[in-house]
Amino acid sequence: LYENFAEPFKLLECQLAIIDCAGYTDNILIESIWQQILADEIRKSSGSGNDRIGQILTKVKHLARQYAHSMHCFPLSYIVY
């Protein structure tokens with residue numbers, strides 16, 4: 001699934017879900033996916049600075065709830081840095 005669909009179609013959240021289900025712990029890959037997720041959210045956000053930050057934080061909070069149990073799929077130190 002990962003190599004045939006999630007990666008080629010840039011399904012970033014699916015990539016995280018597959019990594020989480022597999023118990024895969026490649027920090028470099030996970031941080032790269034998060035970098036792309038954040039870049040996509042920045043690109044899609046609109047409005048004033050506060051509005052844009054709010055939109056980005058909404059995505060981060062959604063994924064934080066989804067991966068609260070998974071420290072490797074929600075690398076807080078990387079996201080905050």
# chains A, B, ... in the order shown; residues from 1 in each chain; ligands from 1
$ residues_around --residues "range 16-20 of chain A" --least-positions-apart "6" --cutoff "10 Å" --atoms "only C-alpha atoms" --output "PyMOL selection string"
chain A and resi 1-2+6+26+29-30+33-34+63+66-67+69-74
$ residues_around --residues "Lys59 in chain A" --least-positions-apart "5" --cutoff "10 Å" --atoms "only C-alpha atoms" --output "JSON, numbers by chain"
{"A": [37, 38, 41, 54, 64]}
$ atom_distance --atom1 "CA of Gln36 in chain A" --atom2 "CA of Val80 in chain A"
14.7 Å
$ atom_distance --atom1 "CA of Leu12 in chain A" --atom2 "CA of Ser32 in chain A"
9.9 Å
$ select_by_dssp --residues "chain A" --states "alpha helix (DSSP H)" --output "MDAnalysis selection string"
chainID A and resid 12:22 27:44 49:66 76:80
$ write_last_selection --atoms "N, CA and C atoms" --output "short mmCIF file (atom, residue, chain, number, x, y, z; two decimals), in the first residue's frame"
data_model
loop_
_atom_site.label_atom_id
_atom_site.label_comp_id
_atom_site.auth_asym_id
_atom_site.auth_seq_id
_atom_site.Cartn_x
_atom_site.Cartn_y
_atom_site.Cartn_z
N LEU A 12 -0.09 11.88 2.37
CA LEU A 12 0.78 12.01 3.53
C LEU A 12 0.18 11.43 4.80
N GLU A 13 -1.10 11.70 5.04
CA GLU A 13 -1.73 11.16 6.24
C GLU A 13 -1.85 9.64 6.15
N CYS A 14 -2.08 9.12 4.98
CA CYS A 14 -2.10 7.67 4.78
C CYS A 14 -0.72 7.08 5.04
N GLN A 15 0.32 7.80 4.61
CA GLN A 15 1.67 7.33 4.86
C GLN A 15 1.91 7.20 6.36
N LEU A 16 1.49 8.21 7.13
CA LEU A 16 1.65 8.14 8.59
C LEU A 16 0.86 6.97 9.17
N ALA A 17 -0.36 6.78 8.70
CA ALA A 17 -1.20 5.69 9.21
C ALA A 17 -0.56 4.33 8.94
N ILE A 18 -0.02 4.15 7.75
CA ILE A 18 0.62 2.88 7.40
C ILE A 18 1.86 2.67 8.26
N ILE A 19 2.65 3.70 8.43
CA ILE A 19 3.85 3.61 9.26
C ILE A 19 3.47 3.26 10.70
N ASP A 20 2.42 3.90 11.20
CA ASP A 20 1.96 3.64 12.56
C ASP A 20 1.49 2.20 12.71
N CYS A 21 0.66 1.74 11.78
CA CYS A 21 0.14 0.36 11.84
C CYS A 21 1.26 -0.67 11.76
N ALA A 22 2.27 -0.36 10.98
CA ALA A 22 3.39 -1.29 10.80
C ALA A 22 4.38 -1.24 11.96
N ASN A 27 12.79 7.65 11.79
CA ASN A 27 12.59 9.05 12.17
C ASN A 27 12.80 10.02 11.02
N ILE A 28 13.76 9.76 10.17
CA ILE A 28 14.02 10.65 9.04
C ILE A 28 12.83 10.66 8.09
N LEU A 29 12.28 9.50 7.80
CA LEU A 29 11.11 9.41 6.93
C LEU A 29 9.91 10.11 7.56
N ILE A 30 9.67 9.86 8.84
CA ILE A 30 8.52 10.45 9.53
C ILE A 30 8.66 11.97 9.58
N GLU A 31 9.84 12.48 9.87
CA GLU A 31 10.05 13.93 9.88
C GLU A 31 9.87 14.52 8.49
N SER A 32 10.28 13.81 7.47
CA SER A 32 10.08 14.27 6.09
C SER A 32 8.59 14.37 5.76
N ILE A 33 7.83 13.38 6.18
CA ILE A 33 6.38 13.42 5.96
C ILE A 33 5.77 14.60 6.69
N TRP A 34 6.17 14.81 7.93
CA TRP A 34 5.66 15.96 8.69
C TRP A 34 6.05 17.28 8.04
N GLN A 35 7.26 17.36 7.52
CA GLN A 35 7.69 18.58 6.84
C GLN A 35 6.77 18.86 5.66
N GLN A 36 6.41 17.83 4.91
CA GLN A 36 5.51 17.99 3.77
C GLN A 36 4.10 18.35 4.21
N ILE A 37 3.62 17.73 5.29
CA ILE A 37 2.29 18.05 5.81
C ILE A 37 2.23 19.52 6.20
N LEU A 38 3.22 19.98 6.95
CA LEU A 38 3.24 21.37 7.39
C LEU A 38 3.38 22.32 6.20
N ALA A 39 4.22 21.99 5.24
CA ALA A 39 4.38 22.83 4.05
C ALA A 39 3.07 22.91 3.27
N ASP A 40 2.37 21.78 3.14
CA ASP A 40 1.07 21.79 2.44
C ASP A 40 0.06 22.65 3.17
N GLU A 41 0.03 22.56 4.49
CA GLU A 41 -0.92 23.36 5.27
C GLU A 41 -0.59 24.85 5.17
N ILE A 42 0.68 25.18 5.17
CA ILE A 42 1.09 26.59 5.01
C ILE A 42 0.66 27.09 3.64
N ARG A 43 0.86 26.27 2.63
CA ARG A 43 0.47 26.64 1.26
C ARG A 43 -1.04 26.82 1.13
N LYS A 44 -1.82 25.97 1.78
CA LYS A 44 -3.27 26.01 1.67
C LYS A 44 -3.91 27.08 2.56
N GLY A 49 -2.17 36.51 9.50
CA GLY A 49 -1.20 35.62 10.13
C GLY A 49 -1.82 34.72 11.17
N ASN A 50 -2.67 35.31 12.03
CA ASN A 50 -3.33 34.51 13.07
C ASN A 50 -4.28 33.48 12.47
N ASP A 51 -4.98 33.85 11.41
CA ASP A 51 -5.88 32.90 10.75
C ASP A 51 -5.10 31.73 10.17
N ARG A 52 -3.99 32.04 9.57
CA ARG A 52 -3.16 30.99 8.96
C ARG A 52 -2.61 30.04 10.03
N ILE A 53 -2.13 30.62 11.12
CA ILE A 53 -1.61 29.79 12.22
C ILE A 53 -2.72 28.90 12.77
N GLY A 54 -3.91 29.47 12.92
CA GLY A 54 -5.04 28.69 13.41
C GLY A 54 -5.37 27.52 12.51
N GLN A 55 -5.32 27.74 11.21
CA GLN A 55 -5.61 26.67 10.25
C GLN A 55 -4.56 25.56 10.33
N ILE A 56 -3.32 25.96 10.46
CA ILE A 56 -2.23 24.98 10.56
C ILE A 56 -2.34 24.19 11.87
N LEU A 57 -2.62 24.91 12.96
CA LEU A 57 -2.76 24.24 14.25
C LEU A 57 -3.93 23.28 14.29
N THR A 58 -4.99 23.58 13.56
CA THR A 58 -6.12 22.67 13.48
C THR A 58 -5.68 21.32 12.92
N LYS A 59 -4.89 21.34 11.88
CA LYS A 59 -4.38 20.10 11.28
C LYS A 59 -3.46 19.37 12.26
N VAL A 60 -2.56 20.12 12.91
CA VAL A 60 -1.62 19.50 13.85
C VAL A 60 -2.38 18.87 15.02
N LYS A 61 -3.39 19.58 15.55
CA LYS A 61 -4.17 19.04 16.67
C LYS A 61 -4.92 17.78 16.26
N HIS A 62 -5.46 17.78 15.05
CA HIS A 62 -6.17 16.60 14.55
C HIS A 62 -5.24 15.39 14.53
N LEU A 63 -4.06 15.58 13.99
CA LEU A 63 -3.10 14.49 13.90
C LEU A 63 -2.53 14.13 15.28
N ALA A 64 -2.41 15.12 16.16
CA ALA A 64 -1.93 14.84 17.53
C ALA A 64 -2.90 13.91 18.24
N ARG A 65 -4.20 14.15 18.09
CA ARG A 65 -5.19 13.27 18.71
C ARG A 65 -5.12 11.86 18.10
N GLN A 66 -4.93 11.80 16.81
CA GLN A 66 -4.87 10.51 16.13
C GLN A 66 -3.65 9.69 16.55
N LEU A 76 6.87 15.34 18.46
CA LEU A 76 6.58 16.68 18.98
C LEU A 76 7.79 17.60 18.93
N SER A 77 8.96 17.11 19.31
CA SER A 77 10.14 17.98 19.31
C SER A 77 10.46 18.47 17.90
N TYR A 78 10.22 17.65 16.88
CA TYR A 78 10.45 18.08 15.50
C TYR A 78 9.40 19.09 15.07
N ILE A 79 8.15 18.83 15.39
CA ILE A 79 7.05 19.70 14.96
C ILE A 79 7.18 21.08 15.60
N VAL A 80 7.52 21.12 16.87
CA VAL A 80 7.63 22.40 17.58
C VAL A 80 8.87 23.16 17.14
#
$ decode --residues "chain A" --atoms "C-alpha atoms" --output "CSV table (one decimal), in the first residue's frame"
chain,number,residue,atom,x,y,z
A,1,LEU,CA,0.0,0.0,0.0
A,2,TYR,CA,2.7,2.4,1.0
A,3,GLU,CA,4.9,2.1,-2.1
A,4,ASN,CA,2.1,1.6,-4.6
A,5,PHE,CA,-0.4,4.2,-3.5
A,6,ALA,CA,0.4,6.3,-0.5
A,7,GLU,CA,3.9,7.5,-1.6
A,8,PRO,CA,3.3,8.0,-5.3
A,9,PHE,CA,0.1,9.9,-4.8
A,10,LYS,CA,1.5,11.9,-1.9
A,11,LEU,CA,-1.1,10.7,0.5
A,12,LEU,CA,0.8,12.0,3.5
A,13,GLU,CA,-1.7,11.2,6.2
A,14,CYS,CA,-2.1,7.7,4.8
A,15,GLN,CA,1.7,7.3,4.9
A,16,LEU,CA,1.7,8.1,8.6
A,17,ALA,CA,-1.2,5.7,9.2
A,18,ILE,CA,0.6,2.9,7.4
A,19,ILE,CA,3.9,3.6,9.3
A,20,ASP,CA,2.0,3.6,12.6
A,21,CYS,CA,0.1,0.4,11.8
A,22,ALA,CA,3.4,-1.3,10.8
A,23,GLY,CA,5.2,0.0,13.9
A,24,TYR,CA,7.9,1.4,11.6
A,25,THR,CA,10.3,3.8,13.3
A,26,ASP,CA,12.3,5.6,10.6
A,27,ASN,CA,12.6,9.1,12.2
A,28,ILE,CA,14.0,10.6,9.0
A,29,LEU,CA,11.1,9.4,6.9
A,30,ILE,CA,8.5,10.5,9.5
A,31,GLU,CA,10.0,13.9,9.9
A,32,SER,CA,10.1,14.3,6.1
A,33,ILE,CA,6.4,13.4,6.0
A,34,TRP,CA,5.7,16.0,8.7
A,35,GLN,CA,7.7,18.6,6.8
A,36,GLN,CA,5.5,18.0,3.8
A,37,ILE,CA,2.3,18.0,5.8
A,38,LEU,CA,3.2,21.4,7.4
A,39,ALA,CA,4.4,22.8,4.0
A,40,ASP,CA,1.1,21.8,2.4
A,41,GLU,CA,-0.9,23.4,5.3
A,42,ILE,CA,1.1,26.6,5.0
A,43,ARG,CA,0.5,26.6,1.3
A,44,LYS,CA,-3.3,26.0,1.7
A,45,SER,CA,-3.8,28.5,4.5
A,46,SER,CA,-5.2,31.9,3.9
A,47,GLY,CA,-6.1,35.1,5.7
A,48,SER,CA,-4.2,37.0,8.3
A,49,GLY,CA,-1.2,35.6,10.1
A,50,ASN,CA,-3.3,34.5,13.1
A,51,ASP,CA,-5.9,32.9,10.7
A,52,ARG,CA,-3.2,31.0,9.0
A,53,ILE,CA,-1.6,29.8,12.2
A,54,GLY,CA,-5.0,28.7,13.4
A,55,GLN,CA,-5.6,26.7,10.2
A,56,ILE,CA,-2.2,25.0,10.6
A,57,LEU,CA,-2.8,24.2,14.3
A,58,THR,CA,-6.1,22.7,13.5
A,59,LYS,CA,-4.4,20.1,11.3
A,60,VAL,CA,-1.6,19.5,13.8
A,61,LYS,CA,-4.2,19.0,16.7
A,62,HIS,CA,-6.2,16.6,14.6
A,63,LEU,CA,-3.1,14.5,13.9
A,64,ALA,CA,-1.9,14.8,17.5
A,65,ARG,CA,-5.2,13.3,18.7
A,66,GLN,CA,-4.9,10.5,16.1
A,67,TYR,CA,-1.3,9.7,17.1
A,68,ALA,CA,-1.3,10.5,20.8
A,69,HIS,CA,-0.3,6.9,21.6
A,70,SER,CA,2.5,6.9,19.0
A,71,MET,CA,5.5,9.0,19.9
A,72,HIS,CA,7.3,8.0,16.6
A,73,CYS,CA,4.4,9.2,14.3
A,74,PHE,CA,3.9,12.4,16.2
A,75,PRO,CA,7.5,13.7,16.8
A,76,LEU,CA,6.6,16.7,19.0
A,77,SER,CA,10.1,18.0,19.3
A,78,TYR,CA,10.5,18.1,15.5
A,79,ILE,CA,7.1,19.7,15.0
A,80,VAL,CA,7.6,22.4,17.6
A,81,TYR,CA,11.2,23.1,16.5
